[in-house]
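Enquirer: Have a look at this one.
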Amino acid sequence: MIENTKCECGHQNFVGTVLCESCGKPLFEDDQSAPLEMRYDGVARRSQKTNPGLIDKVWNFFSSVKIAVYLIIITLLGASLGTIFRQESNFINFDPSTYYKENYGTFGDIYYKLGLSHTYESWWFITLLFMIGTSLVVCSLDRVLPLYRALSKQQIRKHLSFILRQKVRYSGQLKSGDTDYSESESKAWIEQTAKALKKYRYNVHTDGSALLAEKNRFSRWGPYINHIGLIIFLMAVLMRSLPGWHMDQYVSVAEGQTVKLPDTSFYLKNEKFTLEYYSPEEMSEEFRAKNMAVPKIFETKAVLYKCTANCDDPLNEPKLEEVHRQDIIVNKPLNYRGLLAYQSEYSQFPLLISVKPSLKNKKTGENYGSIDLSMSRPVESYKIGPYDLKLKGYYPDFGIENGMPITKSKDPVAPAFIFHITGPDLAPEGQPYIYFPLPVDKEEFKQDAINREIADKLDLSVNSMQDVQFSEYTSYLNIRVDRALPYIWTGAAISMIGLVMGFYWHHRRIWIRIDNGKLSLGAHTNKNWYGIRKEVEHILKKSGIDVDPKTLEAGVGRNG
């Protein structure tokens, strides 16, 4: 249970309070000549609680500015590790498990295995950001609540020890001739000084022969508004890890192809890719001499579709509805409700889009018909005459590793399909059949030898090149979604407002009291002591007191 400490003025203060919340009298014996510690006006903070429990210890840990600085330094060091080599998210098509070792050697392999190739998405980096955010929240609450309590309970007539132990102070006797000021003269002097202070834009409050003048109190909230902005900023950064809030991926879309955008319900079609080169007349002598072809413009005529049905059904084609159409060029992305598609790169390499193979009976020569076989989204089952073909496996870039079929990439460079065929003259349970659309792959991987006896009965192949659709160009698009970005900008703007409030304006306070004709003045500011010292000098001069401003500062000269 928290005990209270009672001041001689009658006000009860929480344990840990340095200066009485009401009159300002120091509650602990210390150097009586040293200026007072005015941070939070001496009000107790929770982190100063005696006999802390477990929750209080956690609170004290995160309320420490030193801990916050350590967390920021560790986070910066951790972030710097992500800059040693390129992060995985910066690549279009690559295998990270082999890339780092092949390009950077053993150190690169260790870098990848430690998870540093995706530093900014790692659990430990996100944890550090969360801890910094927690520290900002706790630091702010631990300080802003006591500060608010102190500033909202300011008493006009402060204790003499409080006034005379300010860093800027003055003490002297006010005389009218040879006699000290009377009570009425003291009040008149206070009223005259109040008018002078108001000209300096102070808010003045009086209580008989005592005065409190204050201005720019709002600047004290600047650091905490800055903290609020940083908290919003960090929360927005952390929200990027939530599904649907952030995406930064690359997709390759061959000309004429429609692909599903990862982690979305959208599909994007590359209707046509256009590539133009600079003419020799448009190029400099250097490029003409080298006989170089320099791209002038490359763009993707893109159509964006939204899936309305069968979106995750592998057995049926998805139903797509066109929602947006736009030409994508460099620095002019497709933009639809926060989804951005940037033109990144392109490749001029023929890729297979679709084939229309026919199924024939090798013994009789009968043609049972053909099927449309898409390289991007083949369906699960096909019907050709009396035969049923069920797709059991699709390998866009076929290869064999350790005796097992694999795909080397997601692009249809050497596609292969594994079907399970049932029908006449076949085993009742059906038979497997592997099909290579490209003749070069059919020869290289010996399709007929792999298919064995079924190859003597059936042949699945195209009749002519008219049944084959190729794409000359492949467009590489950078797909981005960042729903947290508006919050990031909002947090940054709020943080900047807090910085301006705290740096440009200064909270200044002046306390004055007259006791039996003796003037006691104390002044405090959180910044620019030279400025408040000059203001005090001018105000005293207008009230008929000439004083050297250098003697106003504690420890310099004497006031008389």
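Following the order of the structure tokens, first chain is A, next is B, and so on, with residues numbered from 1 inside each chain and ligands from 1 in the order they appear.
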Run DSSP on the backbone and grab whatever in stretch 117-248 of chain A lands in helix (DSSP H, G or I); send it over as a ChimeraX atom specification.

Expert: /A:117-121,123-152,160-164,183-199,217-239

Enquirer: I'd like the interatomic distance between atom CA of A:Val43 and atom CA of A:Asn13, to a tenth of an Å.

Expert: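 Distance reported for this atom pair: 8.4 Å.
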
Enquirer: Using only C-alpha atoms, which residue out of A:Val500, A:Ile532, A:Ile190, A:Met247 lies closest to A:Asp515?

Expert: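 The answer is A:Ile190, which sits nearest to A:Asp515.
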
Enquirer: Do a neighbour search on A:Ala293 at 9 Å with only C-alpha atoms, toss out local chain neighbours closer than 5 positions, and write the hits as a list in words.

Expert: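 In the requested form, the answer reads Tyr277, Tyr278, Ser279, Pro280, Phe287 and Arg288 of chain A.
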
Enquirer: Since we have the selection now, will you write its residues out, keeping N, CA, C and O atoms, as a PDB file, in the first residue's frame?

Expert:
```pdb
ATOM      1  N   TYR A 277      12.825   0.873 -78.818  1.00  0.00           N
ATOM      2  CA  TYR A 277      14.231   1.227 -78.634  1.00  0.00           C
ATOM      3  C   TYR A 277      14.497   2.630 -79.175  1.00  0.00           C
ATOM      4  O   TYR A 277      13.779   3.124 -80.055  1.00  0.00           O
ATOM      5  N   TYR A 278      15.526   3.246 -78.637  1.00  0.00           N
ATOM      6  CA  TYR A 278      15.966   4.522 -79.176  1.00  0.00           C
ATOM      7  C   TYR A 278      16.531   4.318 -80.580  1.00  0.00           C
ATOM      8  O   TYR A 278      17.263   3.359 -80.838  1.00  0.00           O
ATOM      9  N   SER A 279      16.166   5.212 -81.462  1.00  0.00           N
ATOM     10  CA  SER A 279      16.737   5.161 -82.822  1.00  0.00           C
ATOM     11  C   SER A 279      18.169   5.665 -82.779  1.00  0.00           C
ATOM     12  O   SER A 279      18.559   6.372 -81.840  1.00  0.00           O
ATOM     13  N   PRO A 280      18.998   5.310 -83.760  1.00  0.00           N
ATOM     14  CA  PRO A 280      20.392   5.788 -83.766  1.00  0.00           C
ATOM     15  C   PRO A 280      20.498   7.307 -83.686  1.00  0.00           C
ATOM     16  O   PRO A 280      21.429   7.837 -83.078  1.00  0.00           O
ATOM     17  N   PHE A 287      27.007   5.533 -77.634  1.00  0.00           N
ATOM     18  CA  PHE A 287      26.152   4.360 -77.802  1.00  0.00           C
ATOM     19  C   PHE A 287      26.097   3.924 -79.259  1.00  0.00           C
ATOM     20  O   PHE A 287      26.024   2.726 -79.551  1.00  0.00           O
ATOM     21  N   ARG A 288      26.128   4.893 -80.179  1.00  0.00           N
ATOM     22  CA  ARG A 288      26.111   4.517 -81.603  1.00  0.00           C
ATOM     23  C   ARG A 288      27.375   3.762 -81.971  1.00  0.00           C
ATOM     24  O   ARG A 288      27.348   2.814 -82.755  1.00  0.00           O
TER      25      ARG A 288
END
```

Enquirer: Would you pick out the contacts of A:Tyr111 at 12 Å or less, using only C-alpha atoms, so that residues sharing its chain but fewer than 6 positions from it are not included, and give the list as a list in words?

Expert: Leu81, Gly82, Thr83, Ile84, Phe85, Arg86, Gln87, Glu88, Pro96, Ser97, Thr98, Tyr99, Tyr100, Lys101, Asn103, Tyr104, Gly105, Ser117, His118 and Thr119 of chain A

Enquirer: So which one's closest to A:Glu255, A:Glu299, A:Asp441, A:Asp411, A:Glu472? Using only C-alpha atoms, please.

Expert: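 Distance minimum relative to A:Glu255 lands on A:Glu472.
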
Enquirer: Using DSSP assignments from the backbone, pull out every residue in stretch 229-314 of chain A that falls under strand (DSSP E or B) and give it to me as a count of residues only.

Expert: 39

Enquirer: Which value, in Å to one decimal, gives the distance between atom CA of A:Leu77 and atom CA of A:Cys139?

Expert: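 Atom-to-atom, atom CA of A:Leu77 to atom CA of A:Cys139, that is 22.5 Å.
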
Enquirer: Fewer than 5 positions away in the same chain doesn't count, so skip those; otherwise give me all residues within 12 Å of A:Leu320, counting only C-alpha atoms, as a ChimeraX atom specification.

Expert: /A:258-260,265-269,303-311

Enquirer: I'd like to know which of A:Leu477, A:Ile454, A:Ala492, A:Met235 is closest to A:Gln431, using only C-alpha atoms.

Expert: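 Using only C-alpha atoms, the shortest distance to A:Gln431 belongs to A:Ile454.
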